[in-house]
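One file, model_39.pdb, is given below (PDB, C-alpha atoms).
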MODEL        1
ATOM      1  CA  MET A 398     163.006-106.917 -29.113
ATOM      2  CA  LYS A 399     159.318-107.109 -28.227
ATOM      3  CA  PHE A 400     159.797-104.311 -25.730
ATOM      4  CA  ALA A 401     161.492-102.155 -28.357
ATOM      5  CA  MET A 402     158.672-102.739 -30.822
ATOM      6  CA  ARG A 403     156.073-101.922 -28.197
ATOM      7  CA  LEU A 404     157.957 -98.757 -27.282
ATOM      8  CA  THR A 405     158.054 -97.713 -30.939
ATOM      9  CA  ALA A 406     154.349 -98.397 -31.356
ATOM     10  CA  THR A 407     153.559 -96.401 -28.220
ATOM     11  CA  ALA A 408     155.642 -93.464 -29.374
ATOM     12  CA  ALA A 409     154.035 -93.560 -32.816
ATOM     13  CA  ALA A 410     150.581 -93.640 -31.271
ATOM     14  CA  MET A 411     151.396 -90.672 -29.059
ATOM     15  CA  VAL A 412     152.727 -88.635 -31.992
ATOM     16  CA  LEU A 413     149.672 -89.535 -34.068
ATOM     17  CA  ALA A 414     147.274 -88.724 -31.247
ATOM     18  CA  CYS A 415     148.906 -85.374 -30.481
ATOM     19  CA  GLY A 416     149.198 -84.370 -34.126
ATOM     20  CA  LEU A 417     145.653 -85.262 -35.067
ATOM     21  CA  SER A 418     144.229 -83.686 -31.924
ATOM     22  CA  ALA A 419     145.908 -80.407 -32.833
ATOM     23  CA  ALA A 420     144.714 -80.604 -36.438
ATOM     24  CA  TRP A 421     141.182 -81.486 -35.437
ATOM     25  CA  ALA A 422     141.038 -78.683 -32.906
ATOM     26  CA  GLY A 423     141.804 -76.231 -35.697
ATOM     27  CA  GLY A 424     145.269 -75.795 -34.304
ATOM     28  CA  ALA A 425     148.035 -74.927 -36.622
ATOM     29  CA  GLY A 426     151.697 -75.517 -36.836
ATOM     30  CA  PHE A 427     154.254 -73.563 -34.933
ATOM     31  CA  GLY A 428     154.531 -69.920 -35.842
ATOM     32  CA  GLU A 429     150.889 -69.044 -36.287
ATOM     33  CA  ASP A 430     150.205 -68.689 -32.615
ATOM     34  CA  ASP A 431     153.228 -66.579 -31.792
ATOM     35  CA  ASP A 432     151.531 -63.262 -32.441
ATOM     36  CA  ASP A 433     152.044 -61.509 -29.123
ATOM     37  CA  SER A 434     150.764 -58.112 -30.258
ATOM     38  CA  ASP A 435     148.083 -58.210 -27.562
ATOM     39  CA  GLU A 436     150.720 -58.589 -24.866
ATOM     40  CA  ALA A 437     153.369 -56.378 -26.410
ATOM     41  CA  GLY A 438     151.056 -53.469 -27.159
ATOM     42  CA  PRO A 439     151.217 -51.585 -30.430
ATOM     43  CA  SER A 440     154.494 -51.511 -32.300
ATOM     44  CA  TYR A 441     156.013 -48.294 -33.629
ATOM     45  CA  PHE A 442     156.480 -47.639 -37.320
ATOM     46  CA  GLY A 443     157.152 -44.683 -39.527
ATOM     47  CA  PHE A 444     159.058 -43.013 -42.298
ATOM     48  CA  VAL A 445     161.973 -40.660 -42.040
ATOM     49  CA  ARG A 446     161.832 -38.062 -44.800
ATOM     50  CA  ASP A 447     163.804 -35.022 -45.817
ATOM     51  CA  SER A 448     162.182 -31.624 -46.184
ATOM     52  CA  SER A 449     161.341 -32.379 -49.842
ATOM     53  CA  GLY A 450     159.328 -35.429 -48.766
ATOM     54  CA  ALA A 451     161.849 -37.980 -50.061
ATOM     55  CA  THR A 452     162.441 -40.908 -47.743
ATOM     56  CA  VAL A 453     165.804 -41.143 -45.976
ATOM     57  CA  PRO A 454     167.406 -44.583 -45.737
ATOM     58  CA  ASN A 455     169.905 -45.417 -42.988
ATOM     59  CA  ALA A 456     168.778 -42.642 -40.636
ATOM     60  CA  LYS A 457     169.142 -43.262 -36.907
ATOM     61  CA  VAL A 458     165.805 -43.456 -35.131
ATOM     62  CA  THR A 459     165.443 -43.416 -31.357
ATOM     63  CA  VAL A 460     162.185 -44.605 -29.839
ATOM     64  CA  SER A 461     162.080 -43.797 -26.109
ATOM     65  CA  LEU A 462     159.772 -44.530 -23.240
ATOM     66  CA  LYS A 463     159.934 -41.391 -21.054
ATOM     67  CA  ASN A 464     162.888 -41.517 -18.645
ATOM     68  CA  ARG A 465     163.132 -45.287 -18.895
ATOM     69  CA  ILE A 466     164.378 -47.078 -21.959
ATOM     70  CA  SER A 467     165.309 -46.225 -25.507
ATOM     71  CA  ILE A 468     165.520 -48.385 -28.591
ATOM     72  CA  VAL A 469     167.797 -47.232 -31.364
ATOM     73  CA  THR A 470     167.291 -48.503 -34.886
ATOM     74  CA  ARG A 471     167.959 -47.392 -38.451
ATOM     75  CA  THR A 472     165.672 -46.825 -41.395
ATOM     76  CA  ASP A 473     165.743 -49.430 -44.141
ATOM     77  CA  ALA A 474     166.140 -48.898 -47.898
ATOM     78  CA  LEU A 475     162.568 -47.633 -48.064
ATOM     79  CA  GLY A 476     163.179 -45.096 -45.288
ATOM     80  CA  THR A 477     161.026 -46.891 -42.735
ATOM     81  CA  TYR A 478     161.707 -48.036 -39.193
ATOM     82  CA  LYS A 479     159.903 -50.590 -37.032
ATOM     83  CA  VAL A 480     160.157 -51.096 -33.292
ATOM     84  CA  PRO A 481     158.209 -53.685 -31.301
ATOM     85  CA  GLY A 482     155.739 -52.712 -28.580
ATOM     86  CA  PHE A 483     156.844 -51.725 -25.077
ATOM     87  CA  GLY A 484     154.129 -53.732 -23.348
ATOM     88  CA  ARG A 485     150.386 -53.468 -23.147
ATOM     89  CA  GLU A 486     150.514 -51.249 -20.068
ATOM     90  CA  THR A 487     152.600 -48.616 -21.880
ATOM     91  CA  ASP A 488     150.649 -45.607 -23.077
ATOM     92  CA  PRO A 489     151.793 -44.760 -26.624
ATOM     93  CA  LYS A 490     151.582 -41.097 -25.584
ATOM     94  CA  ASP A 491     154.627 -41.738 -23.384
ATOM     95  CA  ILE A 492     156.672 -42.844 -26.374
ATOM     96  CA  GLU A 493     158.875 -40.296 -28.074
ATOM     97  CA  VAL A 494     160.465 -40.700 -31.477
ATOM     98  CA  SER A 495     163.442 -38.759 -32.770
ATOM     99  CA  CYS A 496     165.610 -39.117 -35.845
ATOM    100  CA  ASP A 497     169.086 -38.155 -36.861
ATOM    101  CA  LYS A 498     171.509 -38.497 -39.721
ATOM    102  CA  GLU A 499     174.887 -36.964 -40.403
ATOM    103  CA  GLY A 500     174.480 -33.768 -42.406
ATOM    104  CA  TYR A 501     170.866 -33.331 -41.270
ATOM    105  CA  LYS A 502     169.013 -31.898 -38.304
ATOM    106  CA  GLN A 503     165.598 -32.921 -37.084
ATOM    107  CA  LEU A 504     162.896 -30.580 -38.360
ATOM    108  CA  ARG A 505     159.710 -32.074 -36.957
ATOM    109  CA  VAL A 506     158.077 -35.235 -35.660
ATOM    110  CA  VAL A 507     154.439 -35.866 -36.507
ATOM    111  CA  ARG A 508     152.342 -38.705 -35.154
ATOM    112  CA  ARG A 509     149.655 -39.970 -37.459
ATOM    113  CA  SER A 510     146.379 -40.446 -35.659
ATOM    114  CA  SER A 511     144.631 -43.663 -36.564
ATOM    115  CA  PRO A 512     140.917 -44.214 -35.953
ATOM    116  CA  SER A 513     141.623 -47.879 -35.296
ATOM    117  CA  THR A 514     142.304 -49.350 -31.867
ATOM    118  CA  ASP A 515     143.536 -52.612 -33.360
ATOM    119  CA  PRO A 516     146.756 -53.470 -31.501
ATOM    120  CA  LYS A 517     148.132 -54.964 -34.719
ATOM    121  CA  ILE A 518     148.159 -51.500 -36.295
ATOM    122  CA  PRO A 519     151.383 -49.778 -35.289
ATOM    123  CA  VAL A 520     151.608 -46.275 -33.911
ATOM    124  CA  GLU A 521     152.874 -44.296 -36.867
ATOM    125  CA  THR A 522     155.262 -41.422 -36.396
ATOM    126  CA  GLU A 523     156.922 -39.567 -39.237
ATOM    127  CA  CYS A 524     160.193 -37.798 -38.627
ATOM    128  CA  THR A 525     161.429 -35.083 -40.966
ATOM    129  CA  LEU A 526     165.063 -34.130 -41.363
ATOM    130  CA  GLN A 527     166.495 -31.001 -42.911
ATOM    131  CA  ARG A 528     169.892 -30.736 -44.527
ATOM    132  CA  ILE A 529     172.299 -28.577 -42.519
TER     133      ILE A 529
ATOM    134  CA  MET B1463     151.281-102.362 -17.547
ATOM    135  CA  SER B1464     152.986-100.760 -20.535
ATOM    136  CA  LYS B1465     150.777-102.883 -22.814
ATOM    137  CA  ILE B1466     147.716-101.308 -21.216
ATOM    138  CA  VAL B1467     149.168 -97.803 -21.620
ATOM    139  CA  SER B1468     149.987 -98.358 -25.289
ATOM    140  CA  SER B1469     146.531 -99.786 -25.886
ATOM    141  CA  LEU B1470     144.946 -96.738 -24.268
ATOM    142  CA  ILE B1471     147.028 -94.358 -26.369
ATOM    143  CA  ALA B1472     146.198 -96.255 -29.549
ATOM    144  CA  PHE B1473     142.501 -96.077 -28.624
ATOM    145  CA  ALA B1474     142.804 -92.323 -28.040
ATOM    146  CA  ALA B1475     144.396 -91.959 -31.459
ATOM    147  CA  PHE B1476     141.573 -93.967 -33.032
ATOM    148  CA  ILE B1477     138.938 -91.780 -31.380
ATOM    149  CA  THR B1478     140.722 -88.659 -32.604
ATOM    150  CA  VAL B1479     140.881 -89.967 -36.182
ATOM    151  CA  ALA B1480     137.233 -90.963 -36.048
ATOM    152  CA  ALA B1481     136.163 -87.533 -34.775
ATOM    153  CA  TRP B1482     138.355 -85.706 -37.285
ATOM    154  CA  SER B1483     136.983 -87.630 -40.243
ATOM    155  CA  GLY B1484     133.422 -87.119 -39.015
ATOM    156  CA  ARG B1485     133.133 -83.602 -40.461
ATOM    157  CA  SER B1486     130.259 -82.773 -42.757
ATOM    158  CA  VAL B1487     130.484 -84.583 -46.081
ATOM    159  CA  ALA B1488     130.022 -81.313 -47.959
ATOM    160  CA  GLN B1489     132.720 -79.488 -46.018
ATOM    161  CA  THR B1490     136.302 -79.833 -47.150
ATOM    162  CA  GLN B1491     139.370 -77.758 -46.437
ATOM    163  CA  PHE B1492     138.462 -75.859 -49.610
ATOM    164  CA  GLY B1493     134.947 -74.999 -48.473
ATOM    165  CA  ASP B1494     131.412 -76.225 -48.917
ATOM    166  CA  ALA B1495     130.055 -77.079 -52.368
ATOM    167  CA  ASP B1496     126.563 -76.104 -51.249
ATOM    168  CA  ALA B1497     127.526 -72.691 -49.935
ATOM    169  CA  GLN B1498     126.532 -69.449 -51.673
ATOM    170  CA  PRO B1499     129.298 -68.080 -53.908
ATOM    171  CA  ALA B1500     131.406 -65.712 -51.845
ATOM    172  CA  PRO B1501     132.530 -62.341 -53.209
ATOM    173  CA  PHE B1502     136.013 -62.593 -54.696
ATOM    174  CA  ASN B1503     138.246 -60.717 -52.336
ATOM    175  CA  PRO B1504     141.863 -61.217 -53.370
ATOM    176  CA  GLN B1505     144.427 -60.293 -50.764
ATOM    177  CA  MET B1506     147.923 -58.903 -51.172
ATOM    178  CA  ALA B1507     149.713 -61.989 -52.522
ATOM    179  CA  ALA B1508     147.022 -62.576 -55.150
ATOM    180  CA  LEU B1509     146.912 -58.899 -56.088
ATOM    181  CA  MET B1510     150.672 -58.876 -56.543
ATOM    182  CA  SER B1511     150.521 -61.967 -58.766
ATOM    183  CA  MET B1512     147.552 -60.688 -60.783
ATOM    184  CA  LEU B1513     148.090 -56.970 -61.112
ATOM    185  CA  ILE B1514     151.701 -56.116 -60.416
ATOM    186  CA  GLN B1515     154.147 -58.870 -61.346
ATOM    187  CA  PRO B1516     152.868 -59.482 -64.923
ATOM    188  CA  ARG B1517     152.568 -55.757 -65.600
ATOM    189  CA  HIS B1518     156.086 -55.184 -64.272
ATOM    190  CA  ALA B1519     157.292 -57.852 -66.742
ATOM    191  CA  LYS B1520     155.284 -56.473 -69.669
ATOM    192  CA  LEU B1521     156.610 -52.979 -69.057
ATOM    193  CA  ALA B1522     160.165 -54.304 -69.096
ATOM    194  CA  LEU B1523     159.588 -56.259 -72.298
ATOM    195  CA  ALA B1524     157.995 -53.284 -74.043
ATOM    196  CA  GLY B1525     160.826 -50.991 -72.964
ATOM    197  CA  HIS B1526     163.438 -53.530 -73.978
ATOM    198  CA  ALA B1527     161.871 -53.685 -77.446
ATOM    199  CA  GLU B1528     161.663 -49.869 -77.476
ATOM    200  CA  ASN B1529     157.981 -50.254 -78.188
ATOM    201  CA  TRP B1530     157.121 -46.926 -76.571
ATOM    202  CA  PRO B1531     153.350 -46.898 -77.176
ATOM    203  CA  LEU B1532     153.112 -50.308 -75.532
ATOM    204  CA  ALA B1533     155.482 -49.244 -72.738
ATOM    205  CA  SER B1534     153.300 -46.199 -72.087
ATOM    206  CA  TYR B1535     150.245 -48.437 -71.879
ATOM    207  CA  ALA B1536     152.011 -50.990 -69.654
ATOM    208  CA  LEU B1537     153.186 -48.196 -67.353
ATOM    209  CA  LYS B1538     149.626 -46.893 -66.904
ATOM    210  CA  GLU B1539     148.409 -50.421 -66.226
ATOM    211  CA  LEU B1540     151.135 -51.003 -63.659
ATOM    212  CA  ARG B1541     150.458 -47.704 -61.891
ATOM    213  CA  GLN B1542     146.743 -48.506 -61.865
ATOM    214  CA  GLY B1543     147.555 -51.932 -60.448
ATOM    215  CA  PHE B1544     149.273 -50.291 -57.481
ATOM    216  CA  VAL B1545     146.273 -48.001 -56.960
ATOM    217  CA  VAL B1546     143.821 -50.912 -57.048
ATOM    218  CA  ALA B1547     145.951 -53.027 -54.688
ATOM    219  CA  ALA B1548     146.381 -50.173 -52.199
ATOM    220  CA  ARG B1549     142.648 -49.462 -52.212
ATOM    221  CA  ALA B1550     141.780 -53.137 -51.814
ATOM    222  CA  VAL B1551     144.266 -53.700 -48.984
ATOM    223  CA  PRO B1552     145.000 -50.307 -47.397
ATOM    224  CA  ARG B1553     146.809 -51.946 -44.511
ATOM    225  CA  TRP B1554     148.804 -55.129 -44.669
ATOM    226  CA  LYS B1555     150.106 -56.623 -41.433
ATOM    227  CA  GLY B1556     149.189 -53.262 -39.945
ATOM    228  CA  LEU B1557     151.444 -51.312 -42.299
ATOM    229  CA  PRO B1558     150.089 -48.499 -44.488
ATOM    230  CA  VAL B1559     150.152 -49.881 -48.040
ATOM    231  CA  PRO B1560     149.577 -46.601 -49.937
ATOM    232  CA  ASP B1561     152.532 -45.019 -48.113
ATOM    233  CA  LEU B1562     154.765 -48.026 -48.764
ATOM    234  CA  PHE B1563     153.885 -48.056 -52.469
ATOM    235  CA  ASP B1564     154.488 -44.327 -52.654
ATOM    236  CA  ALA B1565     157.927 -44.667 -51.064
ATOM    237  CA  ALA B1566     158.865 -47.705 -53.134
ATOM    238  CA  VAL B1567     157.686 -46.932 -56.649
ATOM    239  CA  ASP B1568     156.477 -43.360 -57.119
ATOM    240  CA  GLN B1569     159.827 -41.834 -58.093
ATOM    241  CA  PRO B1570     160.900 -44.705 -60.382
ATOM    242  CA  LEU B1571     157.505 -44.675 -62.107
ATOM    243  CA  LYS B1572     157.880 -40.943 -62.781
ATOM    244  CA  LEU B1573     161.372 -41.526 -64.185
ATOM    245  CA  ILE B1574     160.061 -44.318 -66.403
ATOM    246  CA  GLU B1575     157.262 -42.073 -67.611
ATOM    247  CA  ALA B1576     159.793 -39.424 -68.606
ATOM    248  CA  ALA B1577     161.988 -42.009 -70.346
ATOM    249  CA  VAL B1578     159.031 -43.375 -72.295
ATOM    250  CA  LYS B1579     158.007 -39.898 -73.394
ATOM    251  CA  LEU B1580     161.571 -39.155 -74.480
ATOM    252  CA  GLN B1581     161.869 -42.633 -76.009
ATOM    253  CA  TYR B1582     165.202 -42.870 -74.235
ATOM    254  CA  LYS B1583     166.068 -46.512 -73.614
ATOM    255  CA  ARG B1584     169.083 -45.954 -71.403
ATOM    256  CA  GLN B1585     167.059 -43.860 -68.976
ATOM    257  CA  PHE B1586     164.249 -46.390 -69.197
ATOM    258  CA  ASP B1587     166.593 -49.224 -68.228
ATOM    259  CA  GLU B1588     168.030 -47.249 -65.323
ATOM    260  CA  ALA B1589     164.606 -46.216 -64.053
ATOM    261  CA  PHE B1590     163.269 -49.735 -64.458
ATOM    262  CA  GLY B1591     166.181 -50.992 -62.348
ATOM    263  CA  ARG B1592     165.223 -48.472 -59.660
ATOM    264  CA  LEU B1593     161.604 -49.595 -59.852
ATOM    265  CA  THR B1594     162.696 -53.190 -59.328
ATOM    266  CA  GLU B1595     164.896 -52.153 -56.396
ATOM    267  CA  GLY B1596     161.847 -50.382 -54.948
ATOM    268  CA  CYS B1597     159.817 -53.591 -55.208
ATOM    269  CA  ASN B1598     162.482 -55.508 -53.326
ATOM    270  CA  ALA B1599     162.920 -52.769 -50.713
ATOM    271  CA  CYS B1600     159.176 -52.900 -50.040
ATOM    272  CA  HIS B1601     159.304 -56.686 -49.782
ATOM    273  CA  ALA B1602     162.104 -56.334 -47.218
ATOM    274  CA  THR B1603     160.134 -53.758 -45.213
ATOM    275  CA  THR B1604     157.152 -56.094 -45.102
ATOM    276  CA  ASP B1605     159.282 -59.108 -44.062
ATOM    277  CA  HIS B1606     159.057 -60.685 -47.521
ATOM    278  CA  ALA B1607     162.646 -60.202 -48.636
ATOM    279  CA  PHE B1608     162.579 -63.775 -49.944
ATOM    280  CA  VAL B1609     160.312 -62.604 -52.792
ATOM    281  CA  VAL B1610     163.015 -61.229 -55.064
ATOM    282  CA  ILE B1611     161.917 -59.377 -58.182
ATOM    283  CA  LYS B1612     164.315 -58.924 -61.094
ATOM    284  CA  VAL B1613     164.335 -57.432 -64.542
ATOM    285  CA  PRO B1614     162.908 -60.222 -66.723
ATOM    286  CA  SER B1615     165.401 -61.960 -68.954
ATOM    287  CA  ALA B1616     162.737 -63.556 -71.184
ATOM    288  CA  SER B1617     159.069 -63.176 -72.010
ATOM    289  CA  ALA B1618     156.512 -65.126 -70.015
ATOM    290  CA  PHE B1619     153.893 -64.182 -72.623
ATOM    291  CA  PRO B1620     154.390 -66.342 -75.727
ATOM    292  CA  ASN B1621     151.085 -65.125 -77.151
ATOM    293  CA  GLN B1622     152.093 -61.458 -77.215
ATOM    294  CA  ASP B1623     154.510 -59.727 -79.563
ATOM    295  CA  PHE B1624     156.338 -56.911 -77.810
ATOM    296  CA  GLU B1625     158.204 -55.690 -80.893
ATOM    297  CA  THR B1626     157.180 -52.423 -82.511
ATOM    298  CA  LYS B1627     154.889 -52.787 -85.507
ATOM    299  CA  ARG B1628     155.327 -50.119 -88.131
TER     300      ARG B1628
ENDMDL
END

Please go through the file and, once you have read it, give me the structure as structure tokens.
Amino acid sequence: MKFAMRLTATAAAMVLACGLSAAWAGGAGFGEDDDDSDEAGPSYFGFVRDSSGATVPNAKVTVSLKNRISIVTRTDALGTYKVPGFGRETDPKDIEVSCDKEGYKQLRVVRRSSPSTDPKIPVETECTLQRI
Amino acid sequence: MSKIVSSLIAFAAFITVAAWSGRSVAQTQFGDADAQPAPFNPQMAALMSMLIQPRHAKLALAGHAENWPLASYALKELRQGFVVAARAVPRWKGLPVPDLFDAAVDQPLKLIEAAVKLQYKRQFDEAFGRLTEGCNACHATTDHAFVVIKVPSASAFPNQDFETKR
């Protein structure tokens, strides 16, 4: 019984010590330190629009690293897509974006140049589709 | 042996508590009472609560009451709210806010404007539904799908009469 109580007290002290140390050090709970944008490199974001400028939901978007891997996603209700970074060592210039939807053909792909080098700001590429 | 270990851990905890509580008396988690007033710089959540959500509700209430002059005013206020928010926070979590607003609400706002001019309630209701869908689509795009906006079912403004005065 005494041993059990001592064990409980020890465990409680350890939890208290760890928790307060983290709080005192300015540490936060789980989730706030999981931003890996520095490691992952910039993510890729953009709109798919039709030739009138209206956004196109549910379009297929392929984001490819030259001759290596491709990620296929679809635009959401707002006509946007998001793809995580390919790694810090990947040059965004090696990333190609294309879009597709039944009844459309790809008209053009335009990358928006951003003055910022903040890795949290995604590389933005707009893809325009034209009705066939 | 284990008694010594538990004593050491308890002492470590005590030291930690003592150090943690030893912060400046004036400094709390809410700031320092002796600091210079900081410029008010509301971020996206505050801007949404101050400029967008109440104006979205007021526009709905005015349209529901077919109070078209008030709806016209509420629409301008809401549109201006989006402009102010996009200028204040042009990027949020790295995403381009003006572009997101444009994609989410520009078309519905134009449809509402036409409905208000025509004083056509059915079109107003339909366009307002599309505006609300746009809000929620934008919340989903920005990983805030849990913030669900809906057409208000009651007034949150007991000190304002939304009915038309003739």

*Distance criterion (all atoms listed in the file): nearest to Leu1509 in chain B out of B:His1526, B:His1601, B:Lys1538, B:Arg1549*: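 Answer, going by the shortest atom-to-atom distance: B:Arg1549.
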
*Can you tell me how far CA of Ser448 in chain A sits from CA of Asp473 in chain A, in Å to one decimal?*
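Calculated distance between CA of Ser448 in chain A and CA of Asp473 in chain A is 18.3 Å.
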
*Go through B:Gly1596, B:Pro1501, B:Gly1591, B:Gly1556 and flag the residue nearest chain A, using all atoms listed in the file for the distances.*
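Looking at the shortest contact to chain A, the residue is B:Gly1556.
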
*Enumerate, as a list in words, the residues matched when the PyMOL selection byres ((chain B and resi 1561-1575) around 6) is run on the file above.*
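Given this file, the PyMOL selection byres ((chain B and resi 1561-1575) around 6) evaluates to Pro1558, Val1559, Pro1560, Ala1576, Ala1577, Val1578, Phe1586, Ala1589, Arg1592, Leu1593 and Gly1596 of chain B.
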
What would the selection look like, as an mmCIF file with C-alpha atoms, in the frame of the given file, if the PyMOL selection byres ((chain A and resi 501) around 6) were run on the coordinates I just shared?
data_model
loop_
_atom_site.group_PDB
_atom_site.id
_atom_site.type_symbol
_atom_site.label_atom_id
_atom_site.label_comp_id
_atom_site.auth_asym_id
_atom_site.auth_seq_id
_atom_site.Cartn_x
_atom_site.Cartn_y
_atom_site.Cartn_z
ATOM 1 C CA LYS A 498 171.509 -38.497 -39.721
ATOM 2 C CA GLU A 499 174.887 -36.964 -40.403
ATOM 3 C CA GLY A 500 174.480 -33.768 -42.406
ATOM 4 C CA LYS A 502 169.013 -31.898 -38.304
ATOM 5 C CA LEU A 526 165.063 -34.130 -41.363
ATOM 6 C CA GLN A 527 166.495 -31.001 -42.911
ATOM 7 C CA ARG A 528 169.892 -30.736 -44.527
ATOM 8 C CA ILE A 529 172.299 -28.577 -42.519
#

*Run the PyMOL selection byres ((chain A and resi 517) around 7) on the file and write out the hits as an NGL selection string.*
(:A and (434 or 439 or 515-516 or 518-519)) or (:B and (1556))

*Which polymer residues, protein or nucleic acid, are no farther than 10 Å from (160.3, -40.3, -22.0), counting only C-alpha atoms, as a VMD selection string?*
chain A and resid 460 to 467 490 to 494

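Each of A:Tyr441, A:Asp488, A:Val453, A:Thr459 was compared to Ala474 in chain A using only C-alpha atoms, and A:Val453 turns out to be the nearest.
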
*Determine, counting all atoms listed in the file, which protein, DNA and RNA residues have an atom within 10 Å of an atom of Ala1616 in chain B; residues of the same chain fewer than 3 positions away are not included. Present the result as an MDAnalysis selection string.*
chainID B and resid 1519 1522:1523 1613 1619:1620

*How many Å separate CA of Ala1536 in chain B from CA of Asp1605 in chain B?*
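Separating CA of Ala1536 in chain B from CA of Asp1605 in chain B is a distance of 27.8 Å.
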
*Would you mind listing what lies within 8 Å of Gly476 in chain A as an MDAnalysis selection string, with all atoms listed in the file counted and same-chain residues fewer than 6 positions away left out?*
(chainID A and resid 444:446 452:456) or (chainID B and resid 1565)

_To one decimal place in Å, what is the distance between CA of Thr1603 in chain B and CA of Thr477 in chain A?_
7.4 Å

*From the set A:Arg505, A:Phe483, A:Val458, A:Ser440, which residue has the shortest atom-to-atom contact distance to chain B, counting only C-alpha atoms?*
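Ranking A:Arg505, A:Phe483, A:Val458, A:Ser440 by distance to chain B, first place goes to A:Ser440.
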